[in-house]
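Colleague: The file below is run_17.cif, mmCIF, C-alpha atoms and all ligand atoms:
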```
data_protein
loop_
_atom_site.label_atom_id
_atom_site.label_comp_id
_atom_site.auth_asym_id
_atom_site.auth_seq_id
_atom_site.Cartn_x
_atom_site.Cartn_y
_atom_site.Cartn_z
CA MET A 1 106.06 52.02 112.91
CA LEU A 2 106.95 55.31 114.54
CA ASN A 3 108.70 57.96 112.48
CA GLU A 4 111.89 59.77 113.46
CA GLN A 5 110.07 62.76 114.98
CA GLN A 6 107.80 60.53 117.10
CA ILE A 7 110.80 58.62 118.44
CA TYR A 8 112.61 61.89 119.12
CA ASP A 9 109.58 63.13 121.07
CA ILE A 10 109.53 59.99 123.23
CA LEU A 11 113.25 60.31 123.97
CA SER A 12 112.82 64.04 124.72
CA GLU A 13 111.03 63.07 127.93
CA ILE A 14 113.99 61.16 129.40
CA PRO A 15 115.30 62.99 132.48
CA ASP A 16 119.01 63.56 132.93
CA PRO A 17 120.22 60.91 135.41
CA GLU A 18 122.11 63.42 137.52
CA ILE A 19 119.81 66.44 137.29
CA PRO A 20 116.34 64.87 136.95
CA VAL A 21 114.49 68.24 136.70
CA ILE A 22 115.70 68.67 133.14
CA THR A 23 115.64 66.26 130.23
CA ILE A 24 118.41 65.01 127.98
CA LYS A 25 116.83 67.17 125.27
CA ASP A 26 116.88 70.30 127.49
CA LEU A 27 120.58 69.68 128.06
CA GLY A 28 121.34 69.24 124.38
CA ILE A 29 122.59 65.66 124.86
CA LEU A 30 119.91 64.21 122.54
CA GLN A 31 120.99 65.15 119.02
CA ARG A 32 118.88 63.33 116.44
CA VAL A 33 117.15 60.10 115.45
CA GLU A 34 117.58 58.30 112.14
CA ILE A 35 115.65 55.34 110.80
CA LYS A 36 117.63 53.23 108.34
CA ASP A 37 116.31 50.00 106.84
CA GLY A 38 113.71 49.72 109.59
CA ASN A 39 116.30 50.09 112.35
CA CYS A 40 116.67 52.98 114.71
CA GLU A 41 119.84 54.97 115.32
CA VAL A 42 119.99 57.57 118.07
CA PHE A 43 122.78 60.13 118.22
CA ILE A 44 123.80 61.59 121.56
CA THR A 45 126.68 63.84 122.54
CA PRO A 46 128.45 63.81 125.90
CA THR A 47 128.58 66.95 128.05
CA TYR A 48 132.07 65.93 129.23
CA SER A 49 134.35 63.31 127.67
CA GLY A 50 134.20 61.14 130.75
CA CYS A 51 130.59 61.77 131.75
CA PRO A 52 129.66 58.52 133.54
CA ALA A 53 125.97 59.12 132.86
CA MET A 54 126.33 58.41 129.13
CA LYS A 55 126.08 54.65 129.58
CA LEU A 56 122.99 55.07 131.75
CA ILE A 57 121.43 57.43 129.20
CA GLU A 58 122.09 54.85 126.49
CA ASP A 59 120.30 52.23 128.61
CA GLN A 60 117.40 54.63 129.27
CA ILE A 61 117.03 55.26 125.54
CA LYS A 62 116.90 51.53 124.81
CA GLU A 63 114.42 50.99 127.61
CA ALA A 64 112.16 53.84 126.44
CA LEU A 65 111.99 52.27 122.98
CA ALA A 66 111.94 48.62 124.03
CA ASP A 67 108.21 48.07 123.45
CA LYS A 68 107.87 50.46 120.49
CA GLN A 69 108.81 48.04 117.68
CA VAL A 70 111.51 50.22 116.22
CA GLY A 71 113.82 47.37 115.16
CA THR A 72 117.38 47.27 116.47
CA ILE A 73 118.28 50.29 118.49
CA LYS A 74 121.79 51.66 118.12
CA VAL A 75 123.00 54.54 120.23
CA ASN A 76 125.94 56.47 118.79
CA LEU A 77 128.16 58.93 120.62
CA VAL A 78 129.04 61.93 118.48
CA TYR A 79 131.60 64.59 119.31
CA SER A 80 130.89 67.12 116.61
CA PRO A 81 129.53 69.77 116.92
CA THR A 82 131.02 70.07 120.38
CA TRP A 83 128.55 70.29 123.21
CA THR A 84 128.31 73.67 124.86
CA THR A 85 126.29 74.97 127.81
CA ASP A 86 124.91 77.58 125.40
CA TRP A 87 122.60 74.81 124.12
CA ILE A 88 120.74 74.76 127.44
CA SER A 89 117.51 76.68 126.93
CA GLU A 90 116.49 79.66 129.09
CA GLU A 91 113.57 77.61 130.36
CA ALA A 92 115.88 74.79 131.42
CA LYS A 93 118.24 77.27 133.09
CA GLU A 94 115.32 78.51 135.17
CA LYS A 95 114.56 74.90 136.18
CA LEU A 96 118.18 74.45 137.22
CA ARG A 97 118.07 77.60 139.34
CA LYS A 98 114.89 76.45 141.10
CA TYR A 99 116.52 73.09 141.72
CA GLY A 100 119.36 74.88 143.53
CA ILE A 101 122.01 74.81 140.81
CA ALA A 102 123.29 78.15 139.54
CA PRO A 103 122.79 77.93 135.76
CA PRO A 104 125.72 78.49 133.39
CA LEU A 105 126.48 82.02 132.26
CA HIS A 106 127.19 82.45 128.56
CA SER A 107 130.26 80.44 127.53
CA THR A 108 132.19 83.56 126.55
CA VAL A 109 132.20 84.60 130.23
CA ASP A 110 134.40 81.67 131.28
CA LYS A 111 137.10 82.30 128.72
CA GLY A 112 139.08 84.13 131.38
CA VAL A 113 142.80 84.54 131.49
CA LEU A 114 145.04 81.95 133.09
CA ILE A 115 145.75 83.96 136.18
CA GLY A 116 142.58 85.74 137.16
CA LYS A 117 139.73 85.96 139.58
CA ALA A 118 136.61 83.81 139.50
CA LYS A 119 133.47 85.45 138.16
CA VAL A 120 130.55 86.78 140.23
CA LEU A 121 127.63 84.39 140.59
CA LYS A 122 124.21 84.75 142.13
CA CYS A 123 123.26 82.39 144.94
CA PRO A 124 120.35 80.21 143.71
CA GLN A 125 118.87 80.12 147.26
CA CYS A 126 118.80 83.81 148.26
CA GLY A 127 119.89 85.70 145.14
CA SER A 128 122.89 87.30 146.86
CA GLN A 129 125.90 88.10 144.69
CA ASN A 130 128.17 87.81 147.69
CA THR A 131 129.42 84.34 146.73
CA GLU A 132 132.78 82.69 146.33
CA MET A 133 134.17 79.66 144.58
CA ILE A 134 135.23 76.70 146.70
CA SER A 135 136.41 74.51 143.83
CA GLN A 136 136.41 74.48 140.01
CA PHE A 137 135.36 70.86 140.26
CA GLY A 138 132.13 69.79 141.95
CA SER A 139 129.90 66.81 142.54
CA THR A 140 129.80 65.91 138.84
CA ALA A 141 132.06 66.71 135.90
CA CYS A 142 129.80 69.54 134.73
CA LYS A 143 129.67 71.46 138.01
CA ALA A 144 131.83 73.74 140.13
CA LEU A 145 131.31 74.24 143.86
CA TYR A 146 130.47 77.67 145.33
CA LYS A 147 129.29 79.05 148.63
CA CYS A 148 127.06 81.96 149.50
CA LEU A 149 128.61 84.31 152.07
CA ASP A 150 125.19 85.72 153.05
CA CYS A 151 122.92 82.69 153.55
CA LYS A 152 126.01 80.46 154.12
CA GLU A 153 124.66 77.71 151.86
CA PRO A 154 127.00 75.92 149.48
CA PHE A 155 125.70 75.50 145.94
CA ASP A 156 126.63 73.93 142.63
CA TYR A 157 127.33 76.02 139.55
CA PHE A 158 126.78 74.45 136.15
CA LYS A 159 130.04 75.61 134.64
CA CYS A 160 130.26 76.94 131.11
CA ILE A 161 132.07 75.05 128.43
CA MET B 1 154.48 53.03 106.81
CA THR B 2 151.02 53.62 105.35
CA LYS B 3 148.79 56.52 106.29
CA GLN B 4 146.45 54.09 108.05
CA GLU B 5 149.28 52.62 110.14
CA ALA B 6 150.51 56.09 111.04
CA LEU B 7 147.01 57.25 112.03
CA PHE B 8 146.52 54.16 114.18
CA ASN B 9 149.88 54.68 115.88
CA TYR B 10 149.24 58.40 116.42
CA THR B 11 145.72 57.94 117.79
CA LEU B 12 147.05 55.23 120.09
CA ARG B 13 149.70 57.62 121.38
CA LEU B 14 147.07 60.24 122.21
CA GLY B 15 144.79 57.64 123.79
CA ASP B 16 147.57 56.01 125.84
CA ASN B 17 148.69 59.37 127.22
CA ALA B 18 145.15 60.14 128.37
CA LEU B 19 144.61 56.64 129.77
CA ILE B 20 147.79 56.42 131.82
CA LEU B 21 147.65 59.97 133.23
CA GLY B 22 143.96 59.43 133.97
CA HIS B 23 144.85 56.28 135.87
CA ARG B 24 147.57 58.08 137.83
CA LEU B 25 145.19 60.91 138.79
CA SER B 26 142.53 58.40 139.82
CA GLU B 27 144.99 57.08 142.42
CA TRP B 28 144.34 60.31 144.34
CA SER B 29 140.76 59.20 144.91
CA SER B 30 140.15 59.32 148.68
CA LYS B 31 143.74 60.47 149.28
CA GLY B 32 143.57 64.17 148.31
CA PRO B 33 144.80 66.75 150.82
CA LEU B 34 141.32 68.33 150.94
CA LEU B 35 137.99 66.90 149.87
CA GLU B 36 137.64 69.53 147.11
CA GLU B 37 141.06 68.72 145.67
CA ASP B 38 140.32 65.03 145.87
CA ILE B 39 137.17 65.61 143.81
CA ALA B 40 139.02 67.91 141.41
CA MET B 41 141.68 65.34 140.65
CA THR B 42 139.24 62.52 140.16
CA ASN B 43 137.17 64.78 137.87
CA MET B 44 140.25 65.44 135.77
CA ALA B 45 140.94 61.70 135.78
CA LEU B 46 137.43 61.14 134.46
CA ASP B 47 137.92 63.69 131.66
CA LEU B 48 141.13 61.93 130.67
CA ILE B 49 139.72 58.41 130.80
CA GLY B 50 136.72 59.59 128.76
CA ARG B 51 139.11 61.07 126.21
CA ALA B 52 141.11 57.83 126.18
CA ASP B 53 137.92 55.85 125.58
CA ALA B 54 137.01 57.96 122.54
CA LEU B 55 140.55 57.90 121.13
CA LEU B 56 141.14 54.18 121.64
CA ARG B 57 137.74 53.42 120.09
CA TYR B 58 138.77 55.46 117.07
CA ALA B 59 142.16 53.74 116.99
CA SER B 60 140.41 50.36 116.96
CA GLN B 61 138.24 51.50 114.04
CA VAL B 62 141.27 52.76 112.13
CA GLU B 63 143.11 49.50 112.74
CA ALA B 64 140.02 47.51 111.67
CA LYS B 65 141.31 44.17 112.90
CA GLY B 66 138.43 43.42 115.21
CA ARG B 67 140.06 44.75 118.38
CA THR B 68 137.89 47.02 120.54
CA GLU B 69 138.90 50.00 122.69
CA ASP B 70 138.85 47.67 125.70
CA ASP B 71 141.19 45.22 123.94
CA LEU B 72 143.59 48.08 123.29
CA ALA B 73 143.47 49.31 126.87
CA TYR B 74 143.50 45.96 128.62
CA LYS B 75 145.26 43.46 126.41
CA ARG B 76 148.46 45.12 125.30
CA GLY B 77 151.77 44.68 127.09
CA GLU B 78 153.86 47.68 128.07
CA ARG B 79 156.09 47.55 124.99
CA GLN B 80 153.03 48.16 122.84
CA PHE B 81 152.05 51.28 124.79
CA LEU B 82 153.00 54.66 123.37
CA CYS B 83 152.34 56.99 126.30
CA ASN B 84 155.02 59.50 127.26
CA LEU B 85 157.21 58.68 130.24
CA ILE B 86 155.96 61.72 132.19
CA MET B 87 152.45 60.23 132.39
CA GLN B 88 153.79 57.09 134.07
CA LEU B 89 155.71 58.72 136.90
CA PRO B 90 154.36 57.98 140.38
CA ASN B 91 152.24 60.79 141.84
CA GLY B 92 154.79 61.74 144.50
CA ASP B 93 153.50 64.41 146.85
CA PHE B 94 150.63 66.72 145.92
CA GLY B 95 153.09 69.31 144.59
CA PHE B 96 154.69 66.80 142.23
CA THR B 97 151.28 65.84 140.85
CA ILE B 98 150.49 69.54 140.36
CA ALA B 99 153.82 70.20 138.61
CA ARG B 100 153.18 67.33 136.19
CA GLN B 101 149.58 68.45 135.66
CA LEU B 102 150.65 71.98 134.80
CA ILE B 103 153.25 70.74 132.31
CA VAL B 104 150.90 68.25 130.66
CA SER B 105 147.81 70.50 130.67
CA ALA B 106 149.77 73.30 129.00
CA PHE B 107 151.07 70.79 126.43
CA ASP B 108 147.55 69.40 125.90
CA LEU B 109 146.13 72.88 125.38
CA CYS B 110 148.75 73.72 122.72
CA LEU B 111 148.32 70.34 121.02
CA TYR B 112 144.54 69.89 121.16
CA GLU B 113 143.79 73.42 119.96
CA GLU B 114 145.70 72.48 116.82
CA LEU B 115 144.11 69.04 116.61
CA ALA B 116 140.66 70.67 116.74
CA GLN B 117 141.56 71.98 113.24
CA SER B 118 142.59 68.51 112.03
CA LYS B 119 141.51 67.31 108.59
CA ASP B 120 140.46 64.09 110.32
CA GLU B 121 136.92 64.85 111.52
CA THR B 122 136.88 62.35 114.37
CA ILE B 123 140.16 63.62 115.82
CA ALA B 124 138.94 67.20 115.40
CA GLY B 125 135.68 66.45 117.24
CA ILE B 126 137.37 64.71 120.17
CA ALA B 127 139.98 67.48 120.32
CA ALA B 128 137.43 70.31 120.38
CA LYS B 129 135.84 68.69 123.40
CA ALA B 130 139.20 68.08 125.07
CA VAL B 131 140.21 71.73 124.70
CA LYS B 132 137.26 72.88 126.81
CA GLU B 133 138.18 70.45 129.58
CA VAL B 134 141.91 71.05 129.44
CA LYS B 135 141.36 74.76 130.10
CA TYR B 136 139.93 73.81 133.49
CA HIS B 137 142.81 71.43 134.17
CA LEU B 138 145.29 74.17 133.35
CA LYS B 139 143.45 76.66 135.53
CA PHE B 140 143.44 74.19 138.42
CA SER B 141 147.14 73.38 138.17
CA THR B 142 148.01 77.06 137.68
CA ASP B 143 146.12 78.07 140.82
CA TRP B 144 147.91 75.42 142.87
CA THR B 145 151.33 76.19 141.41
CA LEU B 146 150.83 79.81 142.47
CA ARG B 147 149.62 78.81 145.90
CA LEU B 148 152.44 76.37 146.58
CA GLY B 149 155.20 78.36 144.88
CA ASP B 150 154.24 81.64 146.51
CA GLY B 151 153.25 79.93 149.77
CA THR B 152 155.46 78.85 152.66
CA GLU B 153 159.18 78.18 152.43
CA GLU B 154 158.44 74.45 152.65
CA SER B 155 155.79 74.45 149.89
CA HIS B 156 157.98 76.69 147.71
CA ASN B 157 161.00 74.41 148.04
CA ARG B 158 159.04 71.25 147.47
CA ILE B 159 157.25 72.34 144.32
CA GLN B 160 160.47 73.87 142.96
CA LYS B 161 162.15 70.50 143.48
CA SER B 162 159.22 68.81 141.72
CA PHE B 163 159.65 71.02 138.65
CA ASP B 164 163.42 70.46 138.75
CA ASP B 165 163.00 66.67 139.00
CA ILE B 166 160.35 66.36 136.31
CA TRP B 167 162.01 68.69 133.79
CA MET B 168 164.04 65.89 132.18
CA PHE B 169 160.77 64.31 131.00
CA THR B 170 159.42 67.38 129.19
CA ALA B 171 161.39 67.24 125.93
CA GLU B 172 159.99 63.83 125.09
CA LEU B 173 156.49 65.31 124.77
CA PHE B 174 157.64 67.15 121.65
CA GLU B 175 159.59 64.29 120.08
CA THR B 176 158.63 63.38 116.53
CA ASN B 177 159.15 60.33 114.36
CA GLU B 178 158.01 58.89 111.04
CA VAL B 179 154.41 58.82 112.30
CA ASP B 180 154.42 62.57 112.88
CA ALA B 181 155.87 63.26 109.45
CA ILE B 182 152.94 61.44 107.85
CA MET B 183 150.36 63.07 110.14
CA VAL B 184 151.72 66.55 109.39
CA LYS B 185 151.81 65.86 105.65
CA GLU B 186 148.18 64.67 105.72
CA GLY B 187 147.05 67.70 107.74
CA ILE B 188 145.91 65.47 110.61
CA ALA B 189 148.29 66.66 113.33
CA PRO B 190 150.45 69.75 113.87
CA ASP B 191 154.23 69.79 113.74
CA TYR B 192 155.23 69.33 117.40
CA ASN B 193 158.27 71.55 116.87
CA ASN B 194 155.86 74.46 116.47
CA LEU B 195 154.14 73.79 119.80
CA LYS B 196 157.14 74.18 122.02
CA ALA B 197 157.48 77.98 122.07
CA ARG B 198 153.91 78.53 123.20
CA TRP B 199 154.12 75.77 125.81
CA LYS B 200 157.31 77.27 127.22
CA LYS B 201 155.67 80.70 127.36
CA ILE B 202 152.71 79.38 129.41
CA ILE B 203 154.97 77.48 131.83
CA THR B 204 157.36 80.41 132.22
CA GLU B 205 154.53 82.85 132.88
CA VAL B 206 153.04 80.66 135.62
CA LEU B 207 156.34 79.73 137.27
CA LEU B 208 157.60 83.31 137.42
CA GLU B 209 154.28 84.49 138.87
CA ALA B 210 154.63 81.70 141.45
CA THR B 211 158.15 82.99 142.36
CA LEU B 212 159.64 79.78 140.97
CA LYS B 213 162.57 79.26 138.61
CA VAL B 214 162.11 77.66 135.22
CA PRO B 215 164.55 74.72 135.27
CA ALA B 216 167.37 74.80 132.74
CA ASP B 217 167.27 72.22 129.95
CA ALA B 218 169.84 69.50 130.69
CA TYR B 219 169.83 65.73 130.08
CA MET B 220 166.43 64.70 128.71
CA GLN B 221 164.99 61.22 129.16
CA THR B 222 163.34 59.53 126.18
CA GLY B 223 162.07 56.17 124.92
CA SER B 224 158.27 55.99 124.75
CA ARG B 225 157.96 56.50 120.99
CA LYS B 226 159.85 53.21 120.67
CA GLY B 227 157.87 51.50 123.42
CA VAL B 228 160.74 51.73 125.91
CA HIS B 229 159.17 52.90 129.14
CA THR B 230 159.87 53.66 132.79
CA GLU B 231 159.84 50.76 135.21
CA TYR B 232 156.53 52.10 136.55
CA LEU B 233 154.40 51.33 133.50
CA GLY B 234 154.38 47.58 134.07
CA TYR B 235 153.06 48.09 137.61
CA ILE B 236 150.35 50.44 136.37
CA LEU B 237 149.24 47.90 133.78
CA ALA B 238 149.31 45.09 136.33
CA GLU B 239 146.68 46.97 138.31
CA LEU B 240 144.78 48.44 135.36
CA GLN B 241 144.56 45.17 133.44
CA TYR B 242 144.22 42.64 136.25
CA LEU B 243 140.47 42.22 136.16
CA PRO B 244 139.91 41.92 132.39
CA ARG B 245 142.89 39.55 132.14
CA ALA B 246 141.79 37.38 135.05
CA TYR B 247 138.13 37.34 133.94
CA PRO B 248 138.24 37.88 130.17
CA ASP B 249 134.51 38.16 129.54
CA ALA B 250 133.64 40.05 132.71
CA LYS B 251 130.97 42.71 132.26
CA TRP B 252 130.38 45.59 134.65
ZN ZN A 301 122.60 82.68 149.47
#
```
Produce structure tokens that represent the structure in this file.
Modeller:
Amino acid sequence: MLNEQQIYDILSEIPDPEIPVITIKDLGILQRVEIKDGNCEVFITPTYSGCPAMKLIEDQIKEALADKQVGTIKVNLVYSPTWTTDWISEEAKEKLRKYGIAPPLHSTVDKGVLIGKAKVLKCPQCGSQNTEMISQFGSTACKALYKCLDCKEPFDYFKCI
Amino acid sequence: MTKQEALFNYTLRLGDNALILGHRLSEWSSKGPLLEEDIAMTNMALDLIGRADALLRYASQVEAKGRTEDDLAYKRGERQFLCNLIMQLPNGDFGFTIARQLIVSAFDLCLYEELAQSKDETIAGIAAKAVKEVKYHLKFSTDWTLRLGDGTEESHNRIQKSFDDIWMFTAELFETNEVDAIMVKEGIAPDYNNLKARWKKIITEVLLEATLKVPADAYMQTGSRKGVHTEYLGYILAELQYLPRAYPDAKW
């Protein structure tokens, strides 16, 4: 029978369904594993309340453990502590940038005033800071849409929360 | 009323508000004025439906009668819903949707920041998450209120009319009853009377910046705390609940 750490390590390899270059552990979605009475409980936290990938992640967790004889597998959604982009490691941020997604700045940067200008972001393709926001809301709940005014490419920004 | 009954009722109210406004916003899917705005509104809908899912699940656990979050969303009639009337109103034009979103997002920010300090850990956890999302909703609706209010004569007049028309539904957001008294006493929810000043300040700041007038308080519509709703709620539920009612064990 695998112990909690071994199960955690297996689950650490699961890629995020929407950004497959980083794992659910890199993103901070995978919280912890507990074994109780020979059954396995996995705790995950959503990035956004309505993140549609959570169900898929739950299925991926069950699939990854299906042949590992860990008893019943229960996946629990937890809301506390609240997920923040600050949990994304520097290494994972670099992977995001290479994938073409501008990584989140520190969460304190986004706590702007109600009526204010959008912050300056570097284009992940050419590094130019001459970029502008197209929309606060992008292709998934966790992203905003920007465009680069130099290389003209649009890009996603993993917004801070 | 016991504490458990009050907590169930209160959590249901929060969940129903998120569910019905989320459903309304989702109606903009594929109908937004610009692709980006279409995506923005469906993203906000997703945040709200996710919040509703968490809250209704918690409500079902508090009730402990074997109903699930899906039972609560799909198997109650409109008289059992506790969502505010403002959430039920048809979307109208884009400006009307924005006016409602500004009013509700500002209310949600004031409320959920307080709920994040709740003595009830589950409510506090869900609320802390909601606060982060609501800030984006408020930013979005603020930007558009400024753009429409301080835009053309046509856009100015139309969004002003939207705020004027919707104003009669704002007081109900702050209404309290026996449930609130128990929630406040238990340290679970804030006193809604204390939220109003801050909400009004946010709305006033945005409207004045957008060259709009803050409507004067006049007749205020009410009813949702007693389960007396607008005529629109039944139609929303007919669409929202059709599939699970027609095919009770359907899985998707
Ligand atoms: Zn560029």
Colleague: Should the cut-off be 10 Å, what would the residue list for chain A against chain B look like, counting all atoms listed in the file, as a PyMOL selection string?
Modeller: chain A and resi 46-52+77-84+110-116+134-142+144-145+160-161
Colleague: List the spatial neighbours of Leu85 (chain B) as a list in words - criterion: any atom at most 9 Å away, all atoms listed in the file, same-chain residues fewer than 4 positions off excluded.
Modeller: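 Close residues of Leu85 (chain B): Leu89, Phe169, Glu172, Leu173, Gln221, Thr222, Gly223, Ser224, Val228, His229, Thr230 and Leu233 of chain B.
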Colleague: May I ask you to write as a count of residues only all residues lying at most 6 Å from ligand ZN 301 (chain A), with all atoms listed in the file counted?
Modeller: 9
Colleague: Can you work out the spacing between CA of Lys196 (chain B) and CA of Ile86 (chain B) in Å, to one decimal?
Modeller: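 Computing it gives 16.1 Å between the two atoms.
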Colleague: So how far away is CA of Glu34 (chain A) from CA of Ile10 (chain A), in Å?
Modeller: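 Between CA of Ile10 (chain A) and CA of Glu34 (chain A) the gap works out to 13.8 Å.
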Colleague: Using all atoms listed in the file, find the one residue out of B:Asp70, B:Asp217, B:Arg76, B:Ser118 that sits nearest to Lys185 (chain B).
Modeller: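 Answer, going by the shortest atom-to-atom distance: B:Ser118.
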Colleague: Ranking B:Thr204, B:Gln61, B:Thr11, B:Thr145 by minimum distance to Ala189 (chain B) and counting only C-alpha atoms, which one comes first?
Modeller: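 Among B:Thr204, B:Gln61, B:Thr11, B:Thr145, it is B:Thr11 that comes nearest to Ala189 (chain B).
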Colleague: Considering only C-alpha atoms, return as a list in words whatever protein or nucleic-acid residues lie within 8 Å of Leu240 (chain B), sequence-local ones (same chain, fewer than 3 positions apart) excluded.
Modeller: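 Counting only C-alpha atoms, the residues come to His23, Tyr74, Ile236, Leu237 and Leu243 of chain B.
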Colleague: Measuring atom to atom with all atoms listed in the file, identify which of A:Trp87, A:Phe155, A:Phe43, A:Tyr8 is nearest to Ala64 (chain A).
Modeller: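 Of the candidates, the smallest distance to Ala64 (chain A) is held by A:Tyr8.
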Colleague: Would you work out the distance separating CA of Asp249 (chain B) from CA of Asp71 (chain B), expressed in Å to one decimal?
Modeller: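 Atom-to-atom, CA of Asp249 (chain B) and CA of Asp71 (chain B) are spaced 11.2 Å apart.
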Colleague: With distances taken over only C-alpha atoms, which of B:Leu21, B:Ile166, B:Ala181, B:Ala210 is nearest to Ser105 (chain B)?
Modeller: B:Leu21
Colleague: Please write out, as lines of an AutoDock Vina configuration file, where the centre of an axis-aligned box around all listed atoms of region 194-209 of chain B lies and how long its edges are, in Å to one decimal, after adding 3 Å on each side.
Modeller:
```
center_x = 155.2
center_y = 79.1
center_z = 127.7
size_x = 10.9
size_y = 16.7
size_z = 28.4
```
